[in-house]
file protein-v8.tsv (TSV, C-alpha atoms (C1' of nucleotides))
chain	number	residue	atom	x	y	z
A	1	MET	CA	-36.21	14.79	17.12
A	2	LYS	CA	-35.10	15.91	13.72
A	3	LYS	CA	-33.23	19.16	13.40
A	4	ASP	CA	-35.92	20.85	11.36
A	5	ASP	CA	-38.50	20.05	14.00
A	6	ILE	CA	-36.84	22.32	16.51
A	7	HIS	CA	-39.09	25.23	17.21
A	8	ILE	CA	-37.69	28.50	18.45
A	9	ASP	CA	-39.92	31.30	19.63
A	10	PHE	CA	-37.33	33.86	18.73
A	11	GLU	CA	-39.50	36.97	18.76
A	12	ASN	CA	-40.59	36.32	22.32
A	13	ALA	CA	-37.14	35.53	23.66
A	14	ILE	CA	-35.18	38.01	25.74
A	15	VAL	CA	-32.25	38.23	23.34
A	16	PRO	CA	-33.82	40.11	20.43
A	17	TRP	CA	-35.40	42.60	22.81
A	18	LEU	CA	-32.05	43.23	24.40
A	19	GLY	CA	-30.40	43.65	21.05
A	20	LYS	CA	-32.96	46.05	19.72
A	21	THR	CA	-32.97	48.14	22.88
A	22	VAL	CA	-29.22	48.56	22.76
A	23	LYS	CA	-29.39	49.54	19.11
A	24	VAL	CA	-32.01	52.17	19.80
A	25	ILE	CA	-30.02	53.62	22.67
A	26	ASP	CA	-26.77	53.61	20.71
A	27	TYR	CA	-28.38	55.33	17.81
A	28	ALA	CA	-29.97	58.01	19.97
A	29	PHE	CA	-26.71	58.58	21.80
A	30	GLN	CA	-24.74	59.01	18.60
A	31	GLU	CA	-27.35	61.47	17.36
A	32	LEU	CA	-27.16	63.37	20.61
A	33	LEU	CA	-23.39	63.67	20.33
A	34	LYS	CA	-23.65	64.86	16.76
A	35	HIS	CA	-26.34	67.42	17.55
A	36	ASN	CA	-24.12	68.83	20.25
A	37	ASP	CA	-21.23	69.15	17.80
A	38	LEU	CA	-19.08	66.79	19.80
A	39	ASP	CA	-16.40	65.17	17.66
A	40	LEU	CA	-16.66	61.96	19.62
A	41	THR	CA	-18.04	58.44	19.36
A	42	LYS	CA	-19.73	56.60	22.19
A	43	GLU	CA	-16.70	54.37	22.55
A	44	GLN	CA	-14.26	57.27	22.71
A	45	MET	CA	-16.46	58.95	25.27
A	46	ILE	CA	-16.33	55.89	27.54
A	47	VAL	CA	-12.55	55.93	27.36
A	48	LEU	CA	-12.50	59.61	28.27
A	49	LYS	CA	-14.81	58.83	31.18
A	50	ARG	CA	-12.53	56.13	32.51
A	51	LEU	CA	-9.51	58.39	32.26
A	52	HIS	CA	-11.41	61.20	33.91
A	53	ASP	CA	-12.12	58.84	36.81
A	54	LYS	CA	-8.51	57.71	36.97
A	55	ASP	CA	-5.90	59.34	34.81
A	56	GLY	CA	-2.79	57.44	33.81
A	57	LEU	CA	-4.30	53.98	33.48
A	58	ASN	CA	-2.35	51.67	31.24
A	59	GLN	CA	-3.82	50.14	28.09
A	60	ASN	CA	-4.46	46.77	29.67
A	61	GLU	CA	-6.46	48.31	32.45
A	62	LEU	CA	-8.36	50.53	30.06
A	63	ALA	CA	-9.18	47.60	27.81
A	64	PHE	CA	-10.51	45.65	30.76
A	65	LEU	CA	-12.57	48.53	32.11
A	66	THR	CA	-14.06	49.35	28.74
A	67	LEU	CA	-14.80	45.71	27.90
A	68	ARG	CA	-12.81	45.46	24.73
A	69	ASN	CA	-9.72	43.59	23.73
A	70	LYS	CA	-6.36	45.22	23.63
A	71	SER	CA	-6.08	45.49	19.87
A	72	SER	CA	-9.35	47.30	19.65
A	73	LEU	CA	-8.24	49.63	22.40
A	74	THR	CA	-4.94	50.28	20.65
A	75	ARG	CA	-6.76	51.61	17.62
A	76	LEU	CA	-9.28	53.57	19.63
A	77	LEU	CA	-6.45	55.30	21.45
A	78	SER	CA	-4.60	56.01	18.24
A	79	LYS	CA	-7.58	57.88	16.91
A	80	MET	CA	-7.98	59.77	20.15
A	81	GLU	CA	-4.30	60.62	20.19
A	82	ARG	CA	-4.57	61.96	16.64
A	83	LYS	CA	-7.40	64.19	17.83
A	84	ASN	CA	-5.20	65.23	20.72
A	85	TYR	CA	-7.64	64.05	23.37
A	86	ILE	CA	-5.22	61.71	25.08
A	87	LEU	CA	-1.52	61.06	25.39
A	88	ARG	CA	0.41	57.80	25.66
A	89	LYS	CA	3.42	57.92	27.95
A	90	GLN	CA	5.79	54.97	28.21
A	91	SER	CA	6.24	53.83	31.79
A	92	ILE	CA	9.73	54.16	33.22
A	93	GLU	CA	9.43	51.13	35.50
A	94	ASP	CA	8.26	48.84	32.71
A	95	LYS	CA	9.02	49.94	29.20
A	96	ARG	CA	6.33	47.65	27.77
A	97	VAL	CA	3.62	49.62	29.49
A	98	ASN	CA	1.95	52.77	28.21
A	99	ASN	CA	0.20	55.00	30.68
A	100	VAL	CA	-2.58	57.01	29.12
A	101	TYR	CA	-3.36	60.56	30.13
A	102	LEU	CA	-6.04	63.06	29.21
A	103	THR	CA	-4.81	66.21	27.50
A	104	GLN	CA	-6.38	69.54	28.41
A	105	LEU	CA	-8.45	69.25	25.25
A	106	GLY	CA	-9.51	65.77	26.30
A	107	LYS	CA	-10.62	67.05	29.67
A	108	ASP	CA	-12.56	69.88	28.06
A	109	ILE	CA	-14.26	67.59	25.59
A	110	PHE	CA	-15.22	65.22	28.34
A	111	LEU	CA	-16.77	67.99	30.39
A	112	ASP	CA	-18.67	69.12	27.32
A	113	SER	CA	-19.96	65.64	26.67
A	114	LYS	CA	-20.90	64.88	30.25
A	115	PRO	CA	-24.33	66.54	30.01
A	116	VAL	CA	-25.00	64.45	26.92
A	117	LEU	CA	-24.16	61.27	28.78
A	118	LYS	CA	-26.35	62.41	31.62
A	119	GLU	CA	-29.19	63.15	29.25
A	120	MET	CA	-28.91	59.77	27.63
A	121	ILE	CA	-29.06	58.01	30.98
A	122	THR	CA	-32.04	60.12	32.00
A	123	ASP	CA	-33.82	59.36	28.74
A	124	VAL	CA	-33.26	55.64	29.12
A	125	GLU	CA	-34.59	55.64	32.66
A	126	SER	CA	-37.51	57.98	32.26
A	127	ASN	CA	-40.81	56.23	32.96
A	128	ILE	CA	-38.85	53.48	34.70
A	129	SER	CA	-39.59	53.18	38.40
A	130	LYS	CA	-36.95	52.57	41.03
A	131	GLU	CA	-38.29	49.03	41.44
A	132	GLU	CA	-38.14	48.35	37.73
A	133	LYS	CA	-34.61	49.64	37.58
A	134	GLU	CA	-33.59	47.29	40.35
A	135	GLN	CA	-35.43	44.45	38.68
A	136	ILE	CA	-33.84	44.88	35.29
A	137	ILE	CA	-30.34	45.25	36.68
A	138	ASN	CA	-30.76	42.14	38.78
A	139	ILE	CA	-32.07	40.15	35.85
A	140	LEU	CA	-29.23	41.37	33.67
A	141	LYS	CA	-26.76	40.30	36.35
A	142	LYS	CA	-28.37	36.89	36.43
A	143	ILE	CA	-28.13	36.56	32.66
A	144	GLN	CA	-24.47	37.48	32.78
A	145	SER	CA	-23.83	34.94	35.49
A	146	ASN	CA	-25.38	32.28	33.30
A	147	PHE	CA	-22.40	32.73	31.03
A	148	ASN	CA	-19.59	33.15	33.50
A	149	SER	CA	-19.29	29.42	34.04
A	150	LYS	CA	-19.81	28.77	30.37
A	151	ILE	CA	-17.09	31.12	29.20
A	152	GLU	CA	-14.53	29.80	31.63
A	153	SER	CA	-15.15	26.28	30.41
A	154	LEU	CA	-14.35	27.13	26.81
B	1	MET	CA	-24.60	74.55	38.09
B	2	LYS	CA	-21.19	74.33	36.43
B	3	LYS	CA	-20.56	71.56	33.95
B	4	ASP	CA	-17.93	69.89	36.08
B	5	ASP	CA	-20.35	69.69	38.98
B	6	ILE	CA	-22.60	67.28	37.13
B	7	HIS	CA	-22.51	63.96	38.85
B	8	ILE	CA	-23.33	60.79	36.96
B	9	ASP	CA	-23.72	57.48	38.71
B	10	PHE	CA	-22.73	55.64	35.61
B	11	GLU	CA	-21.95	52.26	37.15
B	12	ASN	CA	-25.43	52.01	38.66
B	13	ALA	CA	-27.27	53.10	35.56
B	14	ILE	CA	-29.13	50.65	33.36
B	15	VAL	CA	-27.12	51.39	30.23
B	16	PRO	CA	-23.76	49.87	31.14
B	17	TRP	CA	-25.45	46.73	32.42
B	18	LEU	CA	-27.32	46.39	29.18
B	19	GLY	CA	-24.18	46.91	27.18
B	20	LYS	CA	-22.16	44.41	29.11
B	21	THR	CA	-24.89	41.77	29.00
B	22	VAL	CA	-25.18	42.04	25.25
B	23	LYS	CA	-21.41	41.76	24.88
B	24	VAL	CA	-21.30	38.64	27.02
B	25	ILE	CA	-24.12	37.03	25.06
B	26	ASP	CA	-22.62	37.95	21.69
B	27	TYR	CA	-19.27	36.57	22.67
B	28	ALA	CA	-20.72	33.30	23.92
B	29	PHE	CA	-22.83	32.94	20.80
B	30	GLN	CA	-19.91	33.50	18.49
B	31	GLU	CA	-17.91	30.90	20.45
B	32	LEU	CA	-20.79	28.46	20.21
B	33	LEU	CA	-20.95	28.89	16.44
B	34	LYS	CA	-17.22	28.39	16.13
B	35	HIS	CA	-17.20	25.31	18.34
B	36	ASN	CA	-19.87	23.80	16.14
B	37	ASP	CA	-17.79	24.45	13.04
B	38	LEU	CA	-20.41	26.74	11.58
B	39	ASP	CA	-18.94	29.20	9.11
B	40	LEU	CA	-21.38	31.86	10.15
B	41	THR	CA	-21.57	35.06	12.16
B	42	LYS	CA	-24.43	36.01	14.42
B	43	GLU	CA	-25.55	38.61	11.90
B	44	GLN	CA	-25.52	36.22	8.98
B	45	MET	CA	-27.46	33.71	11.04
B	46	ILE	CA	-30.22	36.23	11.71
B	47	VAL	CA	-30.49	36.89	7.99
B	48	LEU	CA	-30.76	33.16	7.32
B	49	LYS	CA	-33.45	32.95	9.98
B	50	ARG	CA	-35.50	35.68	8.39
B	51	LEU	CA	-35.23	34.07	4.99
B	52	HIS	CA	-36.12	30.72	6.45
B	53	ASP	CA	-39.27	32.31	7.88
B	54	LYS	CA	-40.08	33.97	4.56
B	55	ASP	CA	-37.99	33.29	1.51
B	56	GLY	CA	-37.73	35.85	-1.26
B	57	LEU	CA	-37.84	38.99	0.86
B	58	ASN	CA	-36.29	41.99	-0.80
B	59	GLN	CA	-33.32	43.83	0.63
B	60	ASN	CA	-35.36	46.66	2.05
B	61	GLU	CA	-37.57	44.28	3.97
B	62	LEU	CA	-34.59	42.29	5.17
B	63	ALA	CA	-32.80	45.41	6.33
B	64	PHE	CA	-35.87	46.49	8.28
B	65	LEU	CA	-36.41	43.11	9.85
B	66	THR	CA	-32.79	42.71	10.86
B	67	LEU	CA	-32.51	46.26	12.20
B	68	ARG	CA	-29.71	47.48	9.99
B	69	ASN	CA	-29.47	50.02	7.24
B	70	LYS	CA	-29.50	49.03	3.65
B	71	SER	CA	-25.81	49.55	3.00
B	72	SER	CA	-24.88	47.27	5.84
B	73	LEU	CA	-27.28	44.67	4.55
B	74	THR	CA	-25.88	44.95	1.02
B	75	ARG	CA	-22.47	43.95	2.27
B	76	LEU	CA	-23.77	41.24	4.55
B	77	LEU	CA	-25.60	39.69	1.61
B	78	SER	CA	-22.55	39.97	-0.62
B	79	LYS	CA	-20.55	37.90	1.83
B	80	MET	CA	-23.34	35.38	2.13
B	81	GLU	CA	-23.70	35.18	-1.62
B	82	ARG	CA	-19.96	34.55	-1.94
B	83	LYS	CA	-20.38	31.67	0.51
B	84	ASN	CA	-23.30	30.50	-1.59
B	85	TYR	CA	-25.80	30.67	1.26
B	86	ILE	CA	-28.17	33.02	-0.50
B	87	LEU	CA	-29.03	34.23	-3.96
B	88	ARG	CA	-30.14	37.65	-5.22
B	89	LYS	CA	-32.72	37.61	-7.97
B	90	GLN	CA	-33.79	40.80	-9.67
B	91	SER	CA	-37.53	41.28	-9.57
B	92	ILE	CA	-39.32	41.27	-12.91
B	93	GLU	CA	-42.04	43.67	-11.83
B	94	ASP	CA	-39.59	46.24	-10.50
B	95	LYS	CA	-36.07	46.02	-11.77
B	96	ARG	CA	-34.75	48.05	-8.84
B	97	VAL	CA	-35.71	45.33	-6.40
B	98	ASN	CA	-33.69	42.26	-5.51
B	99	ASN	CA	-35.49	39.33	-3.99
B	100	VAL	CA	-33.27	37.22	-1.81
B	101	TYR	CA	-33.53	33.46	-1.63
B	102	LEU	CA	-31.86	30.78	0.42
B	103	THR	CA	-29.80	28.27	-1.55
B	104	GLN	CA	-29.90	24.63	-0.58
B	105	LEU	CA	-26.61	25.15	1.24
B	106	GLY	CA	-28.11	28.12	3.04
B	107	LYS	CA	-31.04	26.03	4.17
B	108	ASP	CA	-28.74	23.28	5.37
B	109	ILE	CA	-26.52	25.68	7.25
B	110	PHE	CA	-29.50	27.27	8.90
B	111	LEU	CA	-30.83	23.93	10.06
B	112	ASP	CA	-27.40	23.10	11.44
B	113	SER	CA	-27.22	26.38	13.29
B	114	LYS	CA	-30.73	26.26	14.67
B	115	PRO	CA	-29.81	24.12	17.69
B	116	VAL	CA	-27.05	26.59	18.46
B	117	LEU	CA	-29.51	29.47	18.42
B	118	LYS	CA	-31.82	27.44	20.60
B	119	GLU	CA	-29.01	26.67	23.03
B	120	MET	CA	-28.06	30.32	23.25
B	121	ILE	CA	-31.60	31.36	24.04
B	122	THR	CA	-31.86	28.62	26.63
B	123	ASP	CA	-28.59	29.66	28.23
B	124	VAL	CA	-29.67	33.28	28.42
B	125	GLU	CA	-32.95	32.39	30.05
B	126	SER	CA	-31.80	29.69	32.41
B	127	ASN	CA	-32.37	30.69	36.05
B	128	ILE	CA	-34.79	33.34	34.82
B	129	SER	CA	-38.37	32.80	35.94
B	130	LYS	CA	-41.36	33.34	33.73
B	131	GLU	CA	-42.19	36.45	35.73
B	132	GLU	CA	-38.71	37.85	35.40
B	133	LYS	CA	-38.78	37.22	31.68
B	134	GLU	CA	-42.02	39.16	31.39
B	135	GLN	CA	-40.63	41.90	33.58
B	136	ILE	CA	-37.47	42.41	31.62
B	137	ILE	CA	-39.19	42.38	28.26
B	138	ASN	CA	-41.72	44.91	29.46
B	139	ILE	CA	-39.05	47.17	30.85
B	140	LEU	CA	-37.07	46.89	27.62
B	141	LYS	CA	-40.17	47.84	25.67
B	142	LYS	CA	-40.62	50.84	27.90
B	143	ILE	CA	-37.05	51.93	27.38
B	144	GLN	CA	-37.45	51.65	23.63
B	145	SER	CA	-40.64	53.69	23.74
B	146	ASN	CA	-38.74	56.41	25.58
B	147	PHE	CA	-36.81	56.93	22.37
B	148	ASN	CA	-39.52	56.54	19.77
B	149	SER	CA	-40.75	60.07	20.30
B	150	LYS	CA	-37.19	61.33	20.56
B	151	ILE	CA	-35.99	59.77	17.33
B	152	GLU	CA	-38.95	60.99	15.33
B	153	SER	CA	-38.31	64.54	16.48
B	154	LEU	CA	-34.75	64.56	15.18
C	1	DT	C1'	23.66	33.95	33.10
C	2	DT	C1'	21.55	32.31	29.41
C	3	DT	C1'	17.59	30.39	27.83
C	4	DA	C1'	12.65	29.94	28.11
C	5	DA	C1'	8.18	31.67	29.28
C	6	DC	C1'	5.35	35.35	29.69
C	7	DT	C1'	3.45	40.07	29.09
C	8	DA	C1'	2.11	44.83	26.88
C	9	DG	C1'	1.15	46.68	22.98
C	10	DT	C1'	0.89	46.82	17.69
C	11	DT	C1'	-0.51	45.22	13.18
C	12	DG	C1'	-2.64	42.34	9.29
C	13	DC	C1'	-6.73	40.43	8.06
C	14	DA	C1'	-11.58	39.75	8.32
C	15	DT	C1'	-16.09	41.12	10.18
C	16	DG	C1'	-19.90	44.47	10.77
C	17	DT	C1'	-21.80	49.42	10.86
C	18	DG	C1'	-23.74	54.18	9.43
C	19	DC	C1'	-23.76	58.31	6.45
C	20	DA	C1'	-23.71	60.50	2.19
C	21	DA	C1'	-23.20	60.41	-2.59
C	22	DC	C1'	-24.22	57.87	-6.48
C	23	DT	C1'	-26.87	54.86	-10.34
C	24	DA	C1'	-30.69	52.96	-12.30
C	25	DA	C1'	-35.44	52.43	-12.34
C	26	DT	C1'	-40.12	53.73	-11.26
C	27	DA	C1'	-43.76	57.06	-9.97
C	28	DA	C1'	-45.69	61.59	-9.87
C	29	DT	C1'	-46.56	66.00	-11.76
C	30	DG	C1'	-46.87	69.76	-14.83
D	1	DC	C1'	-45.08	63.30	-22.74
D	2	DA	C1'	-41.30	65.28	-20.39
D	3	DT	C1'	-39.44	66.75	-16.40
D	4	DT	C1'	-39.09	65.99	-11.43
D	5	DA	C1'	-39.22	63.38	-7.35
D	6	DT	C1'	-38.81	59.13	-5.17
D	7	DT	C1'	-37.07	54.56	-4.35
D	8	DA	C1'	-33.83	50.18	-4.20
D	9	DG	C1'	-29.60	49.03	-4.04
D	10	DT	C1'	-24.35	49.91	-4.29
D	11	DT	C1'	-20.08	52.10	-3.05
D	12	DG	C1'	-16.52	55.27	-0.79
D	13	DC	C1'	-15.15	56.68	3.48
D	14	DA	C1'	-14.78	56.41	8.38
D	15	DC	C1'	-15.47	53.93	12.55
D	16	DA	C1'	-15.25	49.84	15.85
D	17	DT	C1'	-14.11	44.92	16.76
D	18	DG	C1'	-11.82	40.15	17.53
D	19	DC	C1'	-8.21	36.75	16.44
D	20	DA	C1'	-3.69	35.47	15.55
D	21	DA	C1'	0.90	36.60	14.63
D	22	DC	C1'	4.39	39.61	15.78
D	23	DT	C1'	7.96	42.82	18.54
D	24	DA	C1'	10.11	44.27	22.46
D	25	DG	C1'	10.70	44.11	27.18
D	26	DT	C1'	10.45	41.50	31.71
D	27	DT	C1'	10.47	37.52	34.70
D	28	DA	C1'	11.38	32.72	35.79
D	29	DA	C1'	13.95	28.73	35.52
D	30	DA	C1'	17.61	25.70	34.11

call {"tool": "encode", "arguments": {"input": "protein-v8.tsv", "output": "structure tokens"}}
result
Amino acid sequence: MKKDDIHIDFENAIVPWLGKTVKVIDYAFQELLKHNDLDLTKEQMIVLKRLHDKDGLNQNELAFLTLRNKSSLTRLLSKMERKNYILRKQSIEDKRVNNVYLTQLGKDIFLDSKPVLKEMITDVESNISKEEKEQIINILKKIQSNFNSKIESL
Amino acid sequence: MKKDDIHIDFENAIVPWLGKTVKVIDYAFQELLKHNDLDLTKEQMIVLKRLHDKDGLNQNELAFLTLRNKSSLTRLLSKMERKNYILRKQSIEDKRVNNVYLTQLGKDIFLDSKPVLKEMITDVESNISKEEKEQIINILKKIQSNFNSKIESL
DNA sequence: TTTAACTAGTTGCATGTGCAACTAATAATG
DNA sequence: CATTATTAGTTGCACATGCAACTAGTTAAA
């Protein structure tokens, strides 16, 4: 088969639907944050959430939990530190490690943004039945597992 | 109810699963492109695909089809023009409009990358039944429609 | 213990993104 | 016909991201 004979039914594949859905959600979420006068991006909010769950995580752990690489996290934290939402504190046991803590302002901002996060989740899942929710999450898990083996082998 | 009493079961919501799945797919796709020595990003590839489907689209149309705003597209095209994959040609009827065309190199690159796109789609959908595929796409459509009304009202 | 290997975090460089302000061109309106 | 509004595309500014090279600190091994 010649290369230009390959037919791809792109529009009906799962991928573009996934991509578009995420874009729509991201956009709506950003709007929601703006309309609530929260000086915060989606990414920064996720970091606040993780620190709210467990304060004092180090940057490695935070990067892993928030699914980004350490250099990206470094810069995210720098911006958040400039805004005085978080605080880096060098570990005494291991001077390479920074533990990251929420400031009072960070805690306040997170509490303010929590209803927005809640609203976004509610919006996404409105009109979605419990069964559908289970279905989509299971399918998404399956898709992810299709790549686990693949990624390790690279 | 006080703000700090709001409970969010974030981990079991649809959103983070969506986000993670897209990240995994994007990462694998980028790796696949690199391993095939294709000097191309996912975004540039989508633009090539759209032009392959219909050459000579203008930037507005391309931006709409590829789900990005016009400034983002401008820069994407500038990079692709520098790599000599595409060509902007000012319209004669309306001098504001640029029609965008694939160069021969652009066509070649797209044909080379097509199998990679195909492989990615196949990987995503392996172990996914026809029913599951229909299910997930329908649920994704529903989620998107939850925001259509919302976005218009902003 | 001194060297080598590894690890946490930062930084340079390149990518992609949206918003708002801008230019140039076209369309609409008085 | 002249002014006004609209439209296509570009650009400045700010954000987020990954890779690879780097620094400094820690651990392992010779």

call {"tool": "residues_around", "arguments": {"input": "protein-v8.tsv", "residues": "C:DT26", "least_positions_apart": "3", "cutoff": "10 Å", "atoms": "all atoms listed in the file", "output": "short mmCIF file (atom, residue, chain, number, x, y, z; two decimals) with C-alpha atoms (C1' of nucleotides), in the frame of the given file"}}
result
data_model
loop_
_atom_site.label_atom_id
_atom_site.label_comp_id
_atom_site.auth_asym_id
_atom_site.auth_seq_id
_atom_site.Cartn_x
_atom_site.Cartn_y
_atom_site.Cartn_z
CA ASP B 94 -39.59 46.24 -10.50
CA LYS B 95 -36.07 46.02 -11.77
CA ARG B 96 -34.75 48.05 -8.84
"C1'" DT D 6 -38.81 59.13 -5.17
"C1'" DT D 7 -37.07 54.56 -4.35
#

call {"tool": "interface_residues", "arguments": {"input": "protein-v8.tsv", "of": "chain B", "to": "chain D", "cutoff": "8 Å", "atoms": "all atoms listed in the file", "output": "VMD selection string"}}
result
chain B and resid 59 to 60 70 to 71 74 96 to 97

call {"tool": "calpha_fit_and_write", "arguments": {"input": "protein-v8.tsv", "fixed": "chain B", "moving": "chain A", "output": "short mmCIF file (atom, residue, chain, number, x, y, z; two decimals) with C-alpha atoms, keeping the file's coordinate frame"}}
result
data_model
loop_
_atom_site.label_atom_id
_atom_site.label_comp_id
_atom_site.auth_asym_id
_atom_site.auth_seq_id
_atom_site.Cartn_x
_atom_site.Cartn_y
_atom_site.Cartn_z
CA MET A 1 -24.60 74.56 38.04
CA LYS A 2 -21.23 74.32 36.43
CA LYS A 3 -20.59 71.57 33.95
CA ASP A 4 -17.97 69.86 36.06
CA ASP A 5 -20.36 69.69 38.98
CA ILE A 6 -22.63 67.30 37.15
CA HIS A 7 -22.53 63.96 38.86
CA ILE A 8 -23.35 60.80 36.98
CA ASP A 9 -23.74 57.49 38.73
CA PHE A 10 -22.75 55.63 35.63
CA GLU A 11 -21.97 52.25 37.15
CA ASN A 12 -25.42 52.01 38.67
CA ALA A 13 -27.30 53.10 35.57
CA ILE A 14 -29.15 50.64 33.38
CA VAL A 15 -27.14 51.39 30.25
CA PRO A 16 -23.77 49.87 31.16
CA TRP A 17 -25.47 46.73 32.44
CA LEU A 18 -27.33 46.39 29.19
CA GLY A 19 -24.20 46.91 27.19
CA LYS A 20 -22.16 44.41 29.11
CA THR A 21 -24.89 41.78 29.01
CA VAL A 22 -25.17 42.04 25.26
CA LYS A 23 -21.41 41.77 24.90
CA VAL A 24 -21.31 38.65 27.02
CA ILE A 25 -24.11 37.03 25.06
CA ASP A 26 -22.61 37.98 21.71
CA TYR A 27 -19.27 36.60 22.68
CA ALA A 28 -20.72 33.32 23.92
CA PHE A 29 -22.82 32.98 20.80
CA GLN A 30 -19.87 33.51 18.49
CA GLU A 31 -17.90 30.93 20.46
CA LEU A 32 -20.78 28.50 20.21
CA LEU A 33 -20.93 28.91 16.44
CA LYS A 34 -17.20 28.40 16.14
CA HIS A 35 -17.19 25.32 18.35
CA ASN A 36 -19.87 23.81 16.16
CA ASP A 37 -17.78 24.47 13.05
CA LEU A 38 -20.41 26.74 11.58
CA ASP A 39 -18.94 29.17 9.08
CA LEU A 40 -21.37 31.85 10.13
CA THR A 41 -21.55 35.07 12.13
CA LYS A 42 -24.42 36.01 14.39
CA GLU A 43 -25.54 38.61 11.89
CA GLN A 44 -25.50 36.20 8.97
CA MET A 45 -27.44 33.71 11.03
CA ILE A 46 -30.20 36.25 11.70
CA VAL A 47 -30.49 36.89 7.98
CA LEU A 48 -30.75 33.17 7.31
CA LYS A 49 -33.44 32.97 9.98
CA ARG A 50 -35.49 35.71 8.39
CA LEU A 51 -35.24 34.09 4.99
CA HIS A 52 -36.13 30.73 6.46
CA ASP A 53 -39.28 32.34 7.87
CA LYS A 54 -40.08 34.01 4.57
CA ASP A 55 -38.02 33.30 1.51
CA GLY A 56 -37.76 35.86 -1.25
CA LEU A 57 -37.84 39.01 0.85
CA ASN A 58 -36.30 42.01 -0.81
CA GLN A 59 -33.30 43.84 0.62
CA ASN A 60 -35.34 46.68 2.04
CA GLU A 61 -37.54 44.32 3.96
CA LEU A 62 -34.59 42.31 5.17
CA ALA A 63 -32.79 45.43 6.32
CA PHE A 64 -35.84 46.52 8.27
CA LEU A 65 -36.40 43.12 9.85
CA THR A 66 -32.78 42.73 10.84
CA LEU A 67 -32.50 46.28 12.19
CA ARG A 68 -29.69 47.47 10.00
CA ASN A 69 -29.43 50.00 7.24
CA LYS A 70 -29.47 49.02 3.64
CA SER A 71 -25.79 49.53 2.97
CA SER A 72 -24.85 47.26 5.80
CA LEU A 73 -27.27 44.67 4.52
CA THR A 74 -25.87 44.95 1.01
CA ARG A 75 -22.45 43.93 2.25
CA LEU A 76 -23.76 41.22 4.52
CA LEU A 77 -25.59 39.68 1.59
CA SER A 78 -22.57 39.93 -0.64
CA LYS A 79 -20.57 37.87 1.79
CA MET A 80 -23.36 35.35 2.11
CA GLU A 81 -23.72 35.15 -1.64
CA ARG A 82 -19.98 34.50 -1.96
CA LYS A 83 -20.41 31.63 0.49
CA ASN A 84 -23.33 30.44 -1.60
CA TYR A 85 -25.81 30.66 1.26
CA ILE A 86 -28.19 33.00 -0.50
CA LEU A 87 -29.07 34.20 -3.96
CA ARG A 88 -30.14 37.63 -5.20
CA LYS A 89 -32.73 37.59 -7.95
CA GLN A 90 -33.79 40.80 -9.68
CA SER A 91 -37.55 41.29 -9.57
CA ILE A 92 -39.32 41.29 -12.91
CA GLU A 93 -42.04 43.73 -11.83
CA ASP A 94 -39.56 46.28 -10.51
CA LYS A 95 -36.04 46.02 -11.78
CA ARG A 96 -34.69 48.05 -8.85
CA VAL A 97 -35.69 45.35 -6.42
CA ASN A 98 -33.69 42.27 -5.51
CA ASN A 99 -35.50 39.34 -4.00
CA VAL A 100 -33.28 37.22 -1.81
CA TYR A 101 -33.56 33.46 -1.63
CA LEU A 102 -31.89 30.76 0.42
CA THR A 103 -29.83 28.26 -1.54
CA GLN A 104 -29.95 24.60 -0.56
CA LEU A 105 -26.65 25.13 1.23
CA GLY A 106 -28.14 28.11 3.03
CA LYS A 107 -31.07 26.03 4.18
CA ASP A 108 -28.77 23.28 5.38
CA ILE A 109 -26.54 25.67 7.25
CA PHE A 110 -29.51 27.27 8.90
CA LEU A 111 -30.84 23.93 10.07
CA ASP A 112 -27.41 23.11 11.43
CA SER A 113 -27.21 26.37 13.30
CA LYS A 114 -30.72 26.26 14.69
CA PRO A 115 -29.77 24.11 17.70
CA VAL A 116 -27.03 26.61 18.47
CA LEU A 117 -29.50 29.47 18.43
CA LYS A 118 -31.80 27.45 20.61
CA GLU A 119 -29.00 26.70 23.03
CA MET A 120 -28.03 30.33 23.25
CA ILE A 121 -31.59 31.36 24.05
CA THR A 122 -31.85 28.61 26.65
CA ASP A 123 -28.57 29.67 28.23
CA VAL A 124 -29.66 33.29 28.43
CA GLU A 125 -32.95 32.38 30.06
CA SER A 126 -31.78 29.69 32.43
CA ASN A 127 -32.36 30.68 36.05
CA ILE A 128 -34.78 33.34 34.82
CA SER A 129 -38.35 32.79 35.94
CA LYS A 130 -41.36 33.33 33.72
CA GLU A 131 -42.20 36.44 35.75
CA GLU A 132 -38.71 37.84 35.39
CA LYS A 133 -38.78 37.22 31.68
CA GLU A 134 -42.02 39.14 31.39
CA GLN A 135 -40.65 41.89 33.58
CA ILE A 136 -37.46 42.40 31.63
CA ILE A 137 -39.20 42.37 28.27
CA ASN A 138 -41.73 44.90 29.47
CA ILE A 139 -39.05 47.16 30.86
CA LEU A 140 -37.07 46.89 27.65
CA LYS A 141 -40.18 47.83 25.69
CA LYS A 142 -40.64 50.83 27.92
CA ILE A 143 -37.05 51.92 27.40
CA GLN A 144 -37.47 51.63 23.66
CA SER A 145 -40.63 53.68 23.77
CA ASN A 146 -38.76 56.40 25.59
CA PHE A 147 -36.84 56.92 22.39
CA ASN A 148 -39.53 56.52 19.79
CA SER A 149 -40.74 60.07 20.26
CA LYS A 150 -37.20 61.31 20.55
CA ILE A 151 -35.99 59.73 17.34
CA GLU A 152 -38.92 60.98 15.31
CA SER A 153 -38.25 64.51 16.48
CA LEU A 154 -34.69 64.52 15.20
#

call {"tool": "closest_residue", "arguments": {"input": "protein-v8.tsv", "among": "B:Ser145, B:Thr66, B:Asn58, B:Thr103", "to": "A:Glu11", "atoms": "all atoms listed in the file"}}
result
B:Thr66

call {"tool": "closest_residue", "arguments": {"input": "protein-v8.tsv", "among": "B:Ile121, B:Ile6, B:Ile109, B:Ile86", "to": "B:Leu51", "atoms": "only C-alpha atoms"}}
result
B:Ile86
